[in-house]
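K.L.:
Just dropping this structure here.
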Amino acid sequence: MSPLFSDQLIKVATWEQTMKFRHTGFTLIELVITVALLGILLAWAIPNVTTFIKNARMNSIVNELVGDIGVARQEAQRRGRRVQICASSDGANCDTTTPPEWVNGWIILAPDSTGVQRVVKYTKEPSGAREAAKWFTGPGPNAPITFFPSGSAVAGTVIQIRDDRSGLTNPTQRDISVTPVGRPFVQKVTG
């Protein structure tokens, strides 16, 4: 091997070792660009995550109330007597506030074998209700939803569930109405 060739090999090996150690970290420019891109991404994503959380809480509350309306209807059919579901903050009596504060919870009232109204189910303030729904309203001072033994209901009951986004162009309100045949109907309302 010629001395010139061996010198070339030594230079190449030294250069490879130097380059290995030179590229082991980030440059300041790469770091600044990465942080800037991350900031832009977060600025775009955080409002969407907040909207997603509010929508999920709203849907959870609506689903829980609609499920309990279905339970009240089934109880009326099973017992062969009138059953009511109404707003209740104490879990024992229907609220008499106008409008009723469904956000505090609700009860299902059904008569026992002697005809005395008993609480069948009490749903205390649903999880996240205070953050998701600022107020619940219904018609009249007491606004119970009454189901007959046939499963039909007194028509005209509407429970409105809103959150703090009301007034915007997002679907921020849900109206739950019970049809005369006793089925709950949920409608999204914007603004």
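Following the order of the structure tokens, first chain is A, next is B, and so on, with residues numbered from 1 inside each chain and ligands from 1 in the order they appear.
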Could you name the residues that touch A:Ile108 at 6 Å or less, counting only C-alpha atoms, but leaving out those on the same chain fewer than 6 positions away, as an NGL selection string?
P.N.:
:A and (84-85 or 119-121)
K.L.:
Go ahead and write the residues just picked, all heavy atoms, as a PDB file, in the first residue's frame.
P.N.:
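Once everything was written out, this is out26.pdb:
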ATOM      1  N   GLN A  84     -94.489   9.863  36.944  1.00  0.00           N
ATOM      2  CA  GLN A  84     -93.979  11.186  36.593  1.00  0.00           C
ATOM      3  C   GLN A  84     -92.467  11.233  36.726  1.00  0.00           C
ATOM      4  O   GLN A  84     -91.885  10.547  37.569  1.00  0.00           O
ATOM      5  CB  GLN A  84     -94.562  12.265  37.512  1.00  0.00           C
ATOM      6  CG  GLN A  84     -96.035  12.479  37.368  1.00  0.00           C
ATOM      7  CD  GLN A  84     -96.516  13.586  38.296  1.00  0.00           C
ATOM      8  OE1 GLN A  84     -95.929  13.836  39.339  1.00  0.00           O
ATOM      9  NE2 GLN A  84     -97.589  14.243  37.900  1.00  0.00           N
ATOM     10  N   ILE A  85     -91.876  12.071  35.913  1.00  0.00           N
ATOM     11  CA  ILE A  85     -90.466  12.430  36.078  1.00  0.00           C
ATOM     12  C   ILE A  85     -90.437  13.950  36.173  1.00  0.00           C
ATOM     13  O   ILE A  85     -91.089  14.644  35.389  1.00  0.00           O
ATOM     14  CB  ILE A  85     -89.571  11.898  34.929  1.00  0.00           C
ATOM     15  CG1 ILE A  85     -88.108  12.262  35.171  1.00  0.00           C
ATOM     16  CG2 ILE A  85     -90.049  12.357  33.587  1.00  0.00           C
ATOM     17  CD1 ILE A  85     -87.126  11.583  34.225  1.00  0.00           C
ATOM     18  N   VAL A 119     -90.439   7.534  45.297  1.00  0.00           N
ATOM     19  CA  VAL A 119     -89.337   7.802  44.377  1.00  0.00           C
ATOM     20  C   VAL A 119     -88.785   6.460  43.896  1.00  0.00           C
ATOM     21  O   VAL A 119     -88.339   5.639  44.686  1.00  0.00           O
ATOM     22  CB  VAL A 119     -88.227   8.628  45.057  1.00  0.00           C
ATOM     23  CG1 VAL A 119     -87.035   8.798  44.118  1.00  0.00           C
ATOM     24  CG2 VAL A 119     -88.756   9.981  45.498  1.00  0.00           C
ATOM     25  N   VAL A 120     -88.859   6.250  42.592  1.00  0.00           N
ATOM     26  CA  VAL A 120     -88.341   5.034  41.983  1.00  0.00           C
ATOM     27  C   VAL A 120     -86.854   5.208  41.676  1.00  0.00           C
ATOM     28  O   VAL A 120     -86.063   4.295  41.880  1.00  0.00           O
ATOM     29  CB  VAL A 120     -89.107   4.701  40.684  1.00  0.00           C
ATOM     30  CG1 VAL A 120     -88.499   3.523  39.963  1.00  0.00           C
ATOM     31  CG2 VAL A 120     -90.569   4.466  40.978  1.00  0.00           C
ATOM     32  N   LYS A 121     -86.500   6.373  41.199  1.00  0.00           N
ATOM     33  CA  LYS A 121     -85.107   6.641  40.843  1.00  0.00           C
ATOM     34  C   LYS A 121     -84.818   8.120  41.055  1.00  0.00           C
ATOM     35  O   LYS A 121     -85.640   8.968  40.734  1.00  0.00           O
ATOM     36  CB  LYS A 121     -84.847   6.271  39.381  1.00  0.00           C
ATOM     37  CG  LYS A 121     -83.405   6.448  38.978  1.00  0.00           C
ATOM     38  CD  LYS A 121     -83.155   5.981  37.558  1.00  0.00           C
ATOM     39  CE  LYS A 121     -81.664   6.164  37.232  1.00  0.00           C
ATOM     40  NZ  LYS A 121     -81.394   5.907  35.840  1.00  0.00           N
TER      41      LYS A 121
END
K.L.:
So which residues touch A:Arg118 within 10 Å, counting only C-alpha atoms, skipping near sequence neighbours fewer than 2 positions away, as a ChimeraX atom specification?
P.N.:
/A:83,92-93,107-112,115-116,120-121
K.L.:
Filtering to N, CA, C and O atoms, could you give me those residues as a PDB file, in the first residue's frame?
P.N.:
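So the final result, stored in selection.pdb, reads:
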ATOM      1  N   VAL A  83     -97.039   7.580  36.039  1.00  0.00           N
ATOM      2  CA  VAL A  83     -95.689   7.792  36.582  1.00  0.00           C
ATOM      3  C   VAL A  83     -95.207   9.148  36.083  1.00  0.00           C
ATOM      4  O   VAL A  83     -95.491   9.537  34.951  1.00  0.00           O
ATOM      5  N   ALA A  92     -86.455  13.984  46.848  1.00  0.00           N
ATOM      6  CA  ALA A  92     -87.680  13.492  47.472  1.00  0.00           C
ATOM      7  C   ALA A  92     -88.927  14.143  46.887  1.00  0.00           C
ATOM      8  O   ALA A  92     -89.979  13.514  46.829  1.00  0.00           O
ATOM      9  N   ASN A  93     -88.814  15.397  46.466  1.00  0.00           N
ATOM     10  CA  ASN A  93     -89.975  16.152  45.979  1.00  0.00           C
ATOM     11  C   ASN A  93     -89.653  16.836  44.666  1.00  0.00           C
ATOM     12  O   ASN A  93     -88.496  17.167  44.400  1.00  0.00           O
ATOM     13  N   ILE A 107     -86.219  13.211  39.591  1.00  0.00           N
ATOM     14  CA  ILE A 107     -86.714  11.982  40.207  1.00  0.00           C
ATOM     15  C   ILE A 107     -87.813  11.384  39.342  1.00  0.00           C
ATOM     16  O   ILE A 107     -88.472  12.080  38.577  1.00  0.00           O
ATOM     17  N   ILE A 108     -87.976  10.081  39.492  1.00  0.00           N
ATOM     18  CA  ILE A 108     -89.091   9.375  38.876  1.00  0.00           C
ATOM     19  C   ILE A 108     -90.007   8.970  40.019  1.00  0.00           C
ATOM     20  O   ILE A 108     -89.583   8.284  40.947  1.00  0.00           O
ATOM     21  N   LEU A 109     -91.248   9.442  39.959  1.00  0.00           N
ATOM     22  CA  LEU A 109     -92.246   9.150  40.991  1.00  0.00           C
ATOM     23  C   LEU A 109     -93.272   8.168  40.449  1.00  0.00           C
ATOM     24  O   LEU A 109     -93.844   8.392  39.378  1.00  0.00           O
ATOM     25  N   ALA A 110     -93.519   7.113  41.200  1.00  0.00           N
ATOM     26  CA  ALA A 110     -94.520   6.123  40.812  1.00  0.00           C
ATOM     27  C   ALA A 110     -95.295   5.706  42.057  1.00  0.00           C
ATOM     28  O   ALA A 110     -94.723   5.625  43.149  1.00  0.00           O
ATOM     29  N   PRO A 111     -96.599   5.450  41.917  1.00  0.00           N
ATOM     30  CA  PRO A 111     -97.375   5.008  43.073  1.00  0.00           C
ATOM     31  C   PRO A 111     -97.078   3.557  43.431  1.00  0.00           C
ATOM     32  O   PRO A 111     -96.866   2.721  42.551  1.00  0.00           O
ATOM     33  N   ASP A 112     -97.028   3.285  44.731  1.00  0.00           N
ATOM     34  CA  ASP A 112     -96.867   1.900  45.164  1.00  0.00           C
ATOM     35  C   ASP A 112     -98.224   1.212  45.158  1.00  0.00           C
ATOM     36  O   ASP A 112     -99.204   1.757  44.653  1.00  0.00           O
ATOM     37  N   GLY A 115    -101.035   3.270  46.410  1.00  0.00           N
ATOM     38  CA  GLY A 115    -101.325   4.514  45.714  1.00  0.00           C
ATOM     39  C   GLY A 115    -100.485   5.699  46.181  1.00  0.00           C
ATOM     40  O   GLY A 115    -100.658   6.804  45.682  1.00  0.00           O
ATOM     41  N   VAL A 116     -99.582   5.475  47.113  1.00  0.00           N
ATOM     42  CA  VAL A 116     -98.719   6.549  47.612  1.00  0.00           C
ATOM     43  C   VAL A 116     -97.540   6.723  46.646  1.00  0.00           C
ATOM     44  O   VAL A 116     -96.905   5.737  46.251  1.00  0.00           O
ATOM     45  N   VAL A 120     -88.859   6.250  42.592  1.00  0.00           N
ATOM     46  CA  VAL A 120     -88.341   5.034  41.983  1.00  0.00           C
ATOM     47  C   VAL A 120     -86.854   5.208  41.676  1.00  0.00           C
ATOM     48  O   VAL A 120     -86.063   4.295  41.880  1.00  0.00           O
ATOM     49  N   LYS A 121     -86.500   6.373  41.199  1.00  0.00           N
ATOM     50  CA  LYS A 121     -85.107   6.641  40.843  1.00  0.00           C
ATOM     51  C   LYS A 121     -84.818   8.120  41.055  1.00  0.00           C
ATOM     52  O   LYS A 121     -85.640   8.968  40.734  1.00  0.00           O
TER      53      LYS A 121
END
K.L.:
Distance atom CA of A:Glu64-atom CA of A:Gly105, one decimal place?
P.N.:
10.6 Å
K.L.:
Mind giving me the straight-line distance from atom CA of A:Ile161 to atom CA of A:Cys86 in Å, one decimal?
P.N.:
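Computed distance, atom CA of A:Ile161 to atom CA of A:Cys86, equals 14.6 Å.
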K.L.:
Write out as a tab-separated table the residues of stretch 38-155 of chain A that have any atom within 8 Å of an atom of stretch 184-188 of chain A, one row each with the nearest atom pair and its distance in Å to one decimal, counting only C-alpha atoms, sorted by chain and then rising number.
P.N.:
residue	atom	partner	partner_atom	distance
A:Val66	CA	A:Pro184	CA	6.4
A:Ile69	CA	A:Pro184	CA	7.1
A:Gly70	CA	A:Pro184	CA	7.5
K.L.:
Limited to C-alpha atoms, could you put the picked residues into a file as a tab-separated table (two decimals), in the first residue's frame?
P.N.:
chain	number	residue	atom	x	y	z
A	66	VAL	CA	-83.59	10.80	27.82
A	69	ILE	CA	-87.55	9.49	30.57
A	70	GLY	CA	-87.61	6.04	28.96
K.L.:
Neighbours of A:Val178 within 8 Å (only C-alpha atoms; same-chain residues fewer than 4 positions away dropped), as a PyMOL selection string?
P.N.:
chain A and resi 145+153-158+182-185
K.L.:
As an NGL selection string, which residues of stretch 75-117 of chain A does DSSP assign to strand (DSSP E or B)?
P.N.:
:A and (83-87 or 105-111 or 117)
K.L.:
Just write the chosen residues, C-alpha atoms, as a PDB file, in the first residue's frame.
P.N.:
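Contents of result_5.pdb, as written:
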ATOM      1  CA  VAL A  83     -95.689   7.792  36.582  1.00  0.00           C
ATOM      2  CA  GLN A  84     -93.979  11.186  36.593  1.00  0.00           C
ATOM      3  CA  ILE A  85     -90.466  12.430  36.078  1.00  0.00           C
ATOM      4  CA  CYS A  86     -89.713  15.912  37.394  1.00  0.00           C
ATOM      5  CA  ALA A  87     -86.867  18.218  38.408  1.00  0.00           C
ATOM      6  CA  GLY A 105     -81.215  16.435  39.264  1.00  0.00           C
ATOM      7  CA  TRP A 106     -84.555  14.707  38.728  1.00  0.00           C
ATOM      8  CA  ILE A 107     -86.714  11.982  40.207  1.00  0.00           C
ATOM      9  CA  ILE A 108     -89.091   9.375  38.876  1.00  0.00           C
ATOM     10  CA  LEU A 109     -92.246   9.150  40.991  1.00  0.00           C
ATOM     11  CA  ALA A 110     -94.520   6.123  40.812  1.00  0.00           C
ATOM     12  CA  PRO A 111     -97.375   5.008  43.073  1.00  0.00           C
ATOM     13  CA  GLN A 117     -96.180   8.261  45.358  1.00  0.00           C
TER      14      GLN A 117
END
